[in-house]
Every structure is written in C-alpha cells, then in structure tokens.
>>> print(open('run.pdb').read())   # PDB, C-alpha atoms, pLDDT in the B column
ATOM      1  CA  MET A  22      10.102  -5.872  32.821  1.00 54.00           C
ATOM      2  CA  ALA A  23       8.742  -2.949  34.835  1.00 60.00           C
ATOM      3  CA  SER A  24       6.517  -0.493  33.086  1.00 67.00           C
ATOM      4  CA  ARG A  25       7.585   3.082  32.625  1.00 68.00           C
ATOM      5  CA  SER A  26       4.876   4.351  35.017  1.00 65.00           C
ATOM      6  CA  SER A  27       6.093   1.940  37.734  1.00 64.00           C
ATOM      7  CA  ILE A  28       9.640   3.216  37.371  1.00 63.00           C
ATOM      8  CA  LEU A  29       8.477   6.849  37.514  1.00 55.00           C
ATOM      9  CA  LEU A  30       6.360   6.118  40.589  1.00 54.00           C
ATOM     10  CA  ALA A  31       9.304   4.451  42.331  1.00 53.00           C
ATOM     11  CA  ALA A  32      11.604   7.371  41.472  1.00 51.00           C
ATOM     12  CA  ALA A  33       9.064   9.910  42.763  1.00 51.00           C
ATOM     13  CA  THR A  34       8.634   7.942  45.997  1.00 52.00           C
ATOM     14  CA  LEU A  35      12.380   7.788  46.597  1.00 45.00           C
ATOM     15  CA  ALA A  36      12.729  11.520  45.887  1.00 49.00           C
ATOM     16  CA  ALA A  37       9.950  12.316  48.383  1.00 46.00           C
ATOM     17  CA  LEU A  38      11.517  10.107  51.068  1.00 44.00           C
ATOM     18  CA  PHE A  39      14.888  11.760  50.528  1.00 48.00           C
ATOM     19  CA  ALA A  40      13.366  15.250  50.787  1.00 44.00           C
ATOM     20  CA  ILE A  41      11.520  14.399  54.020  1.00 47.00           C
ATOM     21  CA  GLY A  42      14.571  12.736  55.547  1.00 50.00           C
ATOM     22  CA  SER A  43      16.810  15.698  54.818  1.00 53.00           C
ATOM     23  CA  CYS A  44      14.548  18.348  56.388  1.00 72.00           C
ATOM     24  CA  THR A  45      16.734  19.180  59.361  1.00 87.00           C
ATOM     25  CA  THR A  46      17.769  22.435  60.953  1.00 92.00           C
ATOM     26  CA  PRO A  47      21.428  23.294  61.592  1.00 96.00           C
ATOM     27  CA  LEU A  48      21.760  23.667  65.371  1.00 97.00           C
ATOM     28  CA  THR A  49      23.025  26.922  66.858  1.00 98.00           C
ATOM     29  CA  PHE A  50      23.330  28.260  70.403  1.00 98.00           C
ATOM     30  CA  ALA A  51      22.966  31.959  71.184  1.00 98.00           C
ATOM     31  CA  VAL A  52      24.826  33.209  74.245  1.00 98.00           C
ATOM     32  CA  GLY A  53      22.398  35.411  76.143  1.00 97.00           C
ATOM     33  CA  LYS A  54      23.010  38.988  77.195  1.00 95.00           C
ATOM     34  CA  GLY A  55      24.412  39.125  80.703  1.00 94.00           C
ATOM     35  CA  SER A  56      26.493  35.983  80.197  1.00 96.00           C
ATOM     36  CA  LYS A  57      30.013  36.019  81.589  1.00 91.00           C
ATOM     37  CA  PRO A  58      32.556  33.285  82.428  1.00 85.00           C
ATOM     38  CA  GLY A  59      30.688  32.044  85.560  1.00 89.00           C
ATOM     39  CA  HIS A  60      27.132  32.835  84.403  1.00 95.00           C
ATOM     40  CA  LEU A  61      26.060  31.320  81.103  1.00 96.00           C
ATOM     41  CA  ILE A  62      22.720  31.713  79.340  1.00 97.00           C
ATOM     42  CA  LEU A  63      22.214  29.624  76.191  1.00 98.00           C
ATOM     43  CA  THR A  64      19.313  29.659  73.767  1.00 97.00           C
ATOM     44  CA  PRO A  65      19.227  26.925  71.123  1.00 98.00           C
ATOM     45  CA  ASN A  66      17.490  27.701  67.841  1.00 97.00           C
ATOM     46  CA  VAL A  67      15.331  24.574  68.157  1.00 95.00           C
ATOM     47  CA  ALA A  68      12.818  23.692  70.861  1.00 92.00           C
ATOM     48  CA  THR A  69      13.262  19.926  70.585  1.00 92.00           C
ATOM     49  CA  ILE A  70      16.126  19.522  73.060  1.00 95.00           C
ATOM     50  CA  SER A  71      16.236  18.877  76.802  1.00 96.00           C
ATOM     51  CA  ASP A  72      18.686  17.855  79.548  1.00 96.00           C
ATOM     52  CA  VAL A  73      21.437  20.277  78.518  1.00 98.00           C
ATOM     53  CA  GLU A  74      24.850  19.641  80.092  1.00 98.00           C
ATOM     54  CA  ILE A  75      28.287  21.239  79.739  1.00 97.00           C
ATOM     55  CA  LYS A  76      31.781  19.777  79.693  1.00 97.00           C
ATOM     56  CA  GLU A  77      34.657  22.146  80.280  1.00 96.00           C
ATOM     57  CA  HIS A  78      37.771  22.172  78.123  1.00 95.00           C
ATOM     58  CA  GLY A  79      39.995  19.322  79.311  1.00 94.00           C
ATOM     59  CA  GLY A  80      37.175  17.834  81.409  1.00 94.00           C
ATOM     60  CA  ASP A  81      36.473  14.125  81.640  1.00 94.00           C
ATOM     61  CA  ASP A  82      32.689  14.319  81.820  1.00 96.00           C
ATOM     62  CA  PHE A  83      29.659  16.541  81.487  1.00 97.00           C
ATOM     63  CA  SER A  84      29.625  17.755  85.080  1.00 95.00           C
ATOM     64  CA  PHE A  85      27.441  20.865  84.750  1.00 97.00           C
ATOM     65  CA  SER A  86      23.679  20.634  84.205  1.00 98.00           C
ATOM     66  CA  LEU A  87      21.948  23.735  82.920  1.00 98.00           C
ATOM     67  CA  LYS A  88      18.600  24.806  84.304  1.00 97.00           C
ATOM     68  CA  GLU A  89      15.779  25.252  81.816  1.00 96.00           C
ATOM     69  CA  GLY A  90      14.232  28.688  81.947  1.00 94.00           C
ATOM     70  CA  PRO A  91      11.488  30.583  80.185  1.00 85.00           C
ATOM     71  CA  LYS A  92      11.418  31.028  76.426  1.00 87.00           C
ATOM     72  CA  GLY A  93      13.739  28.116  75.695  1.00 92.00           C
ATOM     73  CA  THR A  94      16.742  29.397  77.636  1.00 97.00           C
ATOM     74  CA  TRP A  95      19.217  27.256  79.559  1.00 98.00           C
ATOM     75  CA  THR A  96      21.208  28.804  82.427  1.00 97.00           C
ATOM     76  CA  LEU A  97      24.273  27.819  84.429  1.00 98.00           C
ATOM     77  CA  ASP A  98      25.750  29.654  87.423  1.00 97.00           C
ATOM     78  CA  THR A  99      29.125  28.551  88.776  1.00 96.00           C
ATOM     79  CA  LYS A 100      31.278  29.779  91.639  1.00 93.00           C
ATOM     80  CA  SER A 101      34.344  30.018  89.428  1.00 92.00           C
ATOM     81  CA  PRO A 102      34.766  30.734  85.705  1.00 92.00           C
ATOM     82  CA  LEU A 103      34.414  27.787  83.359  1.00 93.00           C
ATOM     83  CA  LYS A 104      37.286  26.514  81.221  1.00 94.00           C
ATOM     84  CA  TYR A 105      36.468  27.181  77.584  1.00 94.00           C
ATOM     85  CA  PRO A 106      35.774  26.063  74.875  1.00 97.00           C
ATOM     86  CA  LEU A 107      32.682  24.223  76.083  1.00 97.00           C
ATOM     87  CA  CYS A 108      31.135  21.029  74.754  1.00 98.00           C
ATOM     88  CA  ILE A 109      27.355  20.720  75.024  1.00 98.00           C
ATOM     89  CA  ARG A 110      25.454  17.445  75.466  1.00 98.00           C
ATOM     90  CA  PHE A 111      21.677  17.361  75.222  1.00 98.00           C
ATOM     91  CA  ALA A 112      18.782  14.997  74.743  1.00 97.00           C
ATOM     92  CA  VAL A 113      16.785  15.206  71.543  1.00 94.00           C
ATOM     93  CA  LYS A 114      13.074  14.845  72.230  1.00 89.00           C
ATOM     94  CA  SER A 115      12.740  12.447  69.294  1.00 86.00           C
ATOM     95  CA  GLY A 116      15.258  10.164  71.053  1.00 91.00           C
ATOM     96  CA  GLY A 117      18.904   9.882  71.988  1.00 95.00           C
ATOM     97  CA  TYR A 118      21.647  12.254  73.080  1.00 96.00           C
ATOM     98  CA  ARG A 119      23.857  14.430  70.906  1.00 97.00           C
ATOM     99  CA  ILE A 120      27.159  16.154  71.653  1.00 97.00           C
ATOM    100  CA  ALA A 121      28.286  19.423  70.114  1.00 97.00           C
ATOM    101  CA  ASP A 122      32.047  19.782  70.594  1.00 96.00           C
ATOM    102  CA  ASP A 123      33.769  23.080  71.382  1.00 97.00           C
ATOM    103  CA  VAL A 124      30.696  25.205  70.667  1.00 97.00           C
ATOM    104  CA  ILE A 125      31.223  28.136  73.033  1.00 97.00           C
ATOM    105  CA  PRO A 126      34.739  29.596  72.622  1.00 96.00           C
ATOM    106  CA  GLU A 127      36.921  31.069  75.351  1.00 93.00           C
ATOM    107  CA  ASN A 128      36.464  34.584  74.023  1.00 93.00           C
ATOM    108  CA  PHE A 129      32.674  34.296  73.585  1.00 96.00           C
ATOM    109  CA  LYS A 130      30.580  37.425  73.320  1.00 96.00           C
ATOM    110  CA  ALA A 131      27.131  37.756  74.885  1.00 96.00           C
ATOM    111  CA  GLY A 132      24.507  38.225  72.189  1.00 97.00           C
ATOM    112  CA  THR A 133      26.446  36.108  69.672  1.00 98.00           C
ATOM    113  CA  THR A 134      25.133  32.939  68.036  1.00 98.00           C
ATOM    114  CA  TYR A 135      27.539  30.013  67.634  1.00 98.00           C
ATOM    115  CA  LYS A 136      27.089  27.284  65.022  1.00 97.00           C
ATOM    116  CA  THR A 137      27.503  23.592  65.728  1.00 97.00           C
ATOM    117  CA  THR A 138      28.241  20.809  63.266  1.00 96.00           C
ATOM    118  CA  LEU A 139      24.906  19.164  64.127  1.00 96.00           C
ATOM    119  CA  SER A 140      21.481  19.299  62.499  1.00 94.00           C
ATOM    120  CA  ILE A 141      18.303  18.413  64.352  1.00 90.00           C
TER
END
>>> encode(input="run.pdb", output="structure tokens")
Amino acid sequence: MASRSSILLAAATLAALFAIGSCTTPLTFAVGKGSKPGHLILTPNVATISDVEIKEHGGDDFSFSLKEGPKGTWTLDTKSPLKYPLCIRFAVKSGGYRIADDVIPENFKAGTTYKTTLSI
C-alpha cells in the first residue's frame, strides 16, 4: 500500500502538470486602423504565429497570404474587396497549423479586436 506522503506527492505532481498544461492565451486579432475591405491589417495578441493566410467566405482554400510587418502586424492588399467573414490559418511556432473560422466579420470595424475560439 502506498504511503500517505507518496500519494500527496503524486497529487501535487499531477496538479502542477495540469496547471502548466493549461497556461494558454485566448487568441484574438485586432483589425488595424486604416483597414477597409481591400486593405486588411491584423495584429494577433500573441507573437508565436507565422505564415498567416486568409480564406474568403465561400472559398475553397486559403488563397491570400498576409505579409508580416513591423510590430507583429500582418497586412493584405487586394484589388477587389474580400468576401467576409474571413477564416484565418496560421502556423504556430511551437509546431503545426491552426485555423480560426469566421474571425473577421463582414461589418468589421478598424480598431476592433475579434476573439477566436482558439488558445495558443
């Protein structure tokens, strides 16, 4: 039979592992000032993403790649307005790709931050 101190040590270890594993940040994207339907500036609230791409509403694939700019911004310029809401796909620097569905709505407002259902 396990001693009481062994059981307490095991419980403390599991609690610590759970706390470390659940330390994630809910992901948001701020739409930058000056954004409009054909010019989009996004700023994620985390710096651990790369390779940001956009899929238009009704689109089959992520056909727009955003250009990384200073201070963690991602910019896209198109000749015609995008079809909203937009899905965002990005690489997480710790590994793998994630997709945030319908993040930027059709009636988005520059200077507004939009929540995703993801945590990084």
>>> resolve_selection(input="run.pdb", expression="the PyMOL selection byres ((chain A and resi 128-134) around 7)", output="PyMOL selection string")
chain A and resi 49-56+125-127+135-136
>>> resolve_selection(input="run.pdb", expression="the PyMOL selection byres ((chain A and resi 66) around 12)", output="short mmCIF file (atom, residue, chain, number, x, y, z; two decimals) with C-alpha atoms, in the coordinates of the input")
data_model
loop_
_atom_site.label_atom_id
_atom_site.label_comp_id
_atom_site.auth_asym_id
_atom_site.auth_seq_id
_atom_site.Cartn_x
_atom_site.Cartn_y
_atom_site.Cartn_z
CA THR A 46 17.77 22.44 60.95
CA PRO A 47 21.43 23.29 61.59
CA LEU A 48 21.76 23.67 65.37
CA THR A 49 23.02 26.92 66.86
CA PHE A 50 23.33 28.26 70.40
CA ALA A 51 22.97 31.96 71.18
CA VAL A 52 24.83 33.21 74.24
CA LEU A 63 22.21 29.62 76.19
CA THR A 64 19.31 29.66 73.77
CA PRO A 65 19.23 26.92 71.12
CA VAL A 67 15.33 24.57 68.16
CA ALA A 68 12.82 23.69 70.86
CA THR A 69 13.26 19.93 70.58
CA ILE A 70 16.13 19.52 73.06
CA LYS A 92 11.42 31.03 76.43
CA GLY A 93 13.74 28.12 75.69
CA THR A 94 16.74 29.40 77.64
CA TRP A 95 19.22 27.26 79.56
CA THR A 134 25.13 32.94 68.04
CA TYR A 135 27.54 30.01 67.63
CA LYS A 136 27.09 27.28 65.02
CA THR A 137 27.50 23.59 65.73
CA LEU A 139 24.91 19.16 64.13
CA SER A 140 21.48 19.30 62.50
CA ILE A 141 18.30 18.41 64.35
#
>>> closest_residue(input="run.pdb", among="A:Thr138, A:Asp123, A:Thr99, A:Lys57", to="Phe85 (chain A)", atoms="all atoms listed in the file")
A:Thr99
>>> closest_residue(input="run.pdb", among="A:Asp72, A:Gly79, A:Lys88, A:Gly59", to="Cys108 (chain A)", atoms="all atoms listed in the file")
A:Gly79
>>> atom_distance(input="run.pdb", atom1="CA of Asp98 (chain A)", atom2="CA of Ser86 (chain A)")
9.8 Å
>>> atom_distance(input="run.pdb", atom1="CA of Gly90 (chain A)", atom2="CA of Val113 (chain A)")
17.2 Å
>>> atom_distance(input="run.pdb", atom1="CA of Lys114 (chain A)", atom2="CA of Gly80 (chain A)")
26.0 Å
>>> residues_around(input="run.pdb", residues="Phe111 (chain A)", least_positions_apart="6", cutoff="9 Å", atoms="all atoms listed in the file", output="ChimeraX atom specification")
/A:70-75,117-121
>>> decode(input="run.pdb", residues="region 44-56 of chain A", atoms="all heavy atoms", output="short mmCIF file (atom, residue, chain, number, x, y, z; two decimals), in the first residue's frame")
data_model
loop_
_atom_site.label_atom_id
_atom_site.label_comp_id
_atom_site.auth_asym_id
_atom_site.auth_seq_id
_atom_site.Cartn_x
_atom_site.Cartn_y
_atom_site.Cartn_z
N CYS A 44 -1.83 26.63 -19.23
CA CYS A 44 -1.41 28.03 -19.34
C CYS A 44 -1.37 28.44 -20.80
O CYS A 44 -0.33 28.45 -21.44
CB CYS A 44 -0.04 28.23 -18.70
SG CYS A 44 -0.04 28.06 -16.92
N THR A 45 -2.51 28.75 -21.35
CA THR A 45 -2.61 29.20 -22.73
C THR A 45 -3.30 30.54 -22.76
O THR A 45 -3.96 30.94 -21.80
CB THR A 45 -3.39 28.19 -23.59
OG1 THR A 45 -4.71 28.05 -23.05
CG2 THR A 45 -2.70 26.84 -23.65
N THR A 46 -3.13 31.23 -23.87
CA THR A 46 -3.72 32.55 -24.05
C THR A 46 -4.81 32.47 -25.10
O THR A 46 -4.55 32.00 -26.21
CB THR A 46 -2.64 33.55 -24.50
OG1 THR A 46 -1.60 33.58 -23.52
CG2 THR A 46 -3.21 34.93 -24.70
N PRO A 47 -6.02 32.95 -24.80
CA PRO A 47 -7.05 33.00 -25.84
C PRO A 47 -6.58 33.92 -26.97
O PRO A 47 -6.12 35.03 -26.74
CB PRO A 47 -8.27 33.60 -25.11
CG PRO A 47 -8.01 33.33 -23.66
CD PRO A 47 -6.52 33.39 -23.50
N LEU A 48 -6.69 33.44 -28.20
CA LEU A 48 -6.19 34.17 -29.36
C LEU A 48 -7.20 35.19 -29.85
O LEU A 48 -8.38 34.87 -30.03
CB LEU A 48 -5.86 33.19 -30.49
CG LEU A 48 -5.35 33.80 -31.79
CD1 LEU A 48 -4.01 34.50 -31.58
CD2 LEU A 48 -5.24 32.73 -32.86
N THR A 49 -6.73 36.41 -30.08
CA THR A 49 -7.55 37.46 -30.67
C THR A 49 -6.78 38.10 -31.83
O THR A 49 -5.55 38.00 -31.91
CB THR A 49 -7.90 38.57 -29.65
OG1 THR A 49 -6.71 39.21 -29.22
CG2 THR A 49 -8.65 38.01 -28.46
N PHE A 50 -7.52 38.74 -32.72
CA PHE A 50 -6.94 39.51 -33.81
C PHE A 50 -7.53 40.90 -33.78
O PHE A 50 -8.76 41.06 -33.81
CB PHE A 50 -7.23 38.87 -35.17
CG PHE A 50 -6.42 37.65 -35.45
CD1 PHE A 50 -6.91 36.40 -35.14
CD2 PHE A 50 -5.17 37.75 -36.03
CE1 PHE A 50 -6.16 35.26 -35.39
CE2 PHE A 50 -4.40 36.62 -36.29
CZ PHE A 50 -4.91 35.37 -35.97
N ALA A 51 -6.68 41.92 -33.72
CA ALA A 51 -7.12 43.30 -33.80
C ALA A 51 -7.04 43.74 -35.26
O ALA A 51 -6.04 43.47 -35.94
CB ALA A 51 -6.26 44.20 -32.93
N VAL A 52 -8.09 44.39 -35.74
CA VAL A 52 -8.09 44.94 -37.09
C VAL A 52 -7.51 46.34 -36.98
O VAL A 52 -8.04 47.19 -36.26
CB VAL A 52 -9.50 44.97 -37.69
CG1 VAL A 52 -9.49 45.62 -39.05
CG2 VAL A 52 -10.06 43.55 -37.78
N GLY A 53 -6.40 46.56 -37.69
CA GLY A 53 -5.69 47.83 -37.58
C GLY A 53 -6.42 49.01 -38.18
O GLY A 53 -7.24 48.86 -39.09
N LYS A 54 -6.10 50.19 -37.66
CA LYS A 54 -6.66 51.43 -38.20
C LYS A 54 -6.21 51.57 -39.63
O LYS A 54 -5.09 51.24 -39.99
CB LYS A 54 -6.23 52.60 -37.34
CG LYS A 54 -6.83 52.52 -35.96
CD LYS A 54 -6.52 53.70 -35.11
CE LYS A 54 -7.21 53.45 -33.78
NZ LYS A 54 -7.04 54.44 -32.82
N GLY A 55 -7.10 52.03 -40.48
CA GLY A 55 -6.82 52.15 -41.90
C GLY A 55 -7.26 50.94 -42.70
O GLY A 55 -7.19 50.93 -43.92
N SER A 56 -7.73 49.90 -42.01
CA SER A 56 -8.23 48.72 -42.71
C SER A 56 -9.56 49.03 -43.37
O SER A 56 -10.36 49.82 -42.85
CB SER A 56 -8.42 47.56 -41.73
OG SER A 56 -7.18 47.09 -41.27
#
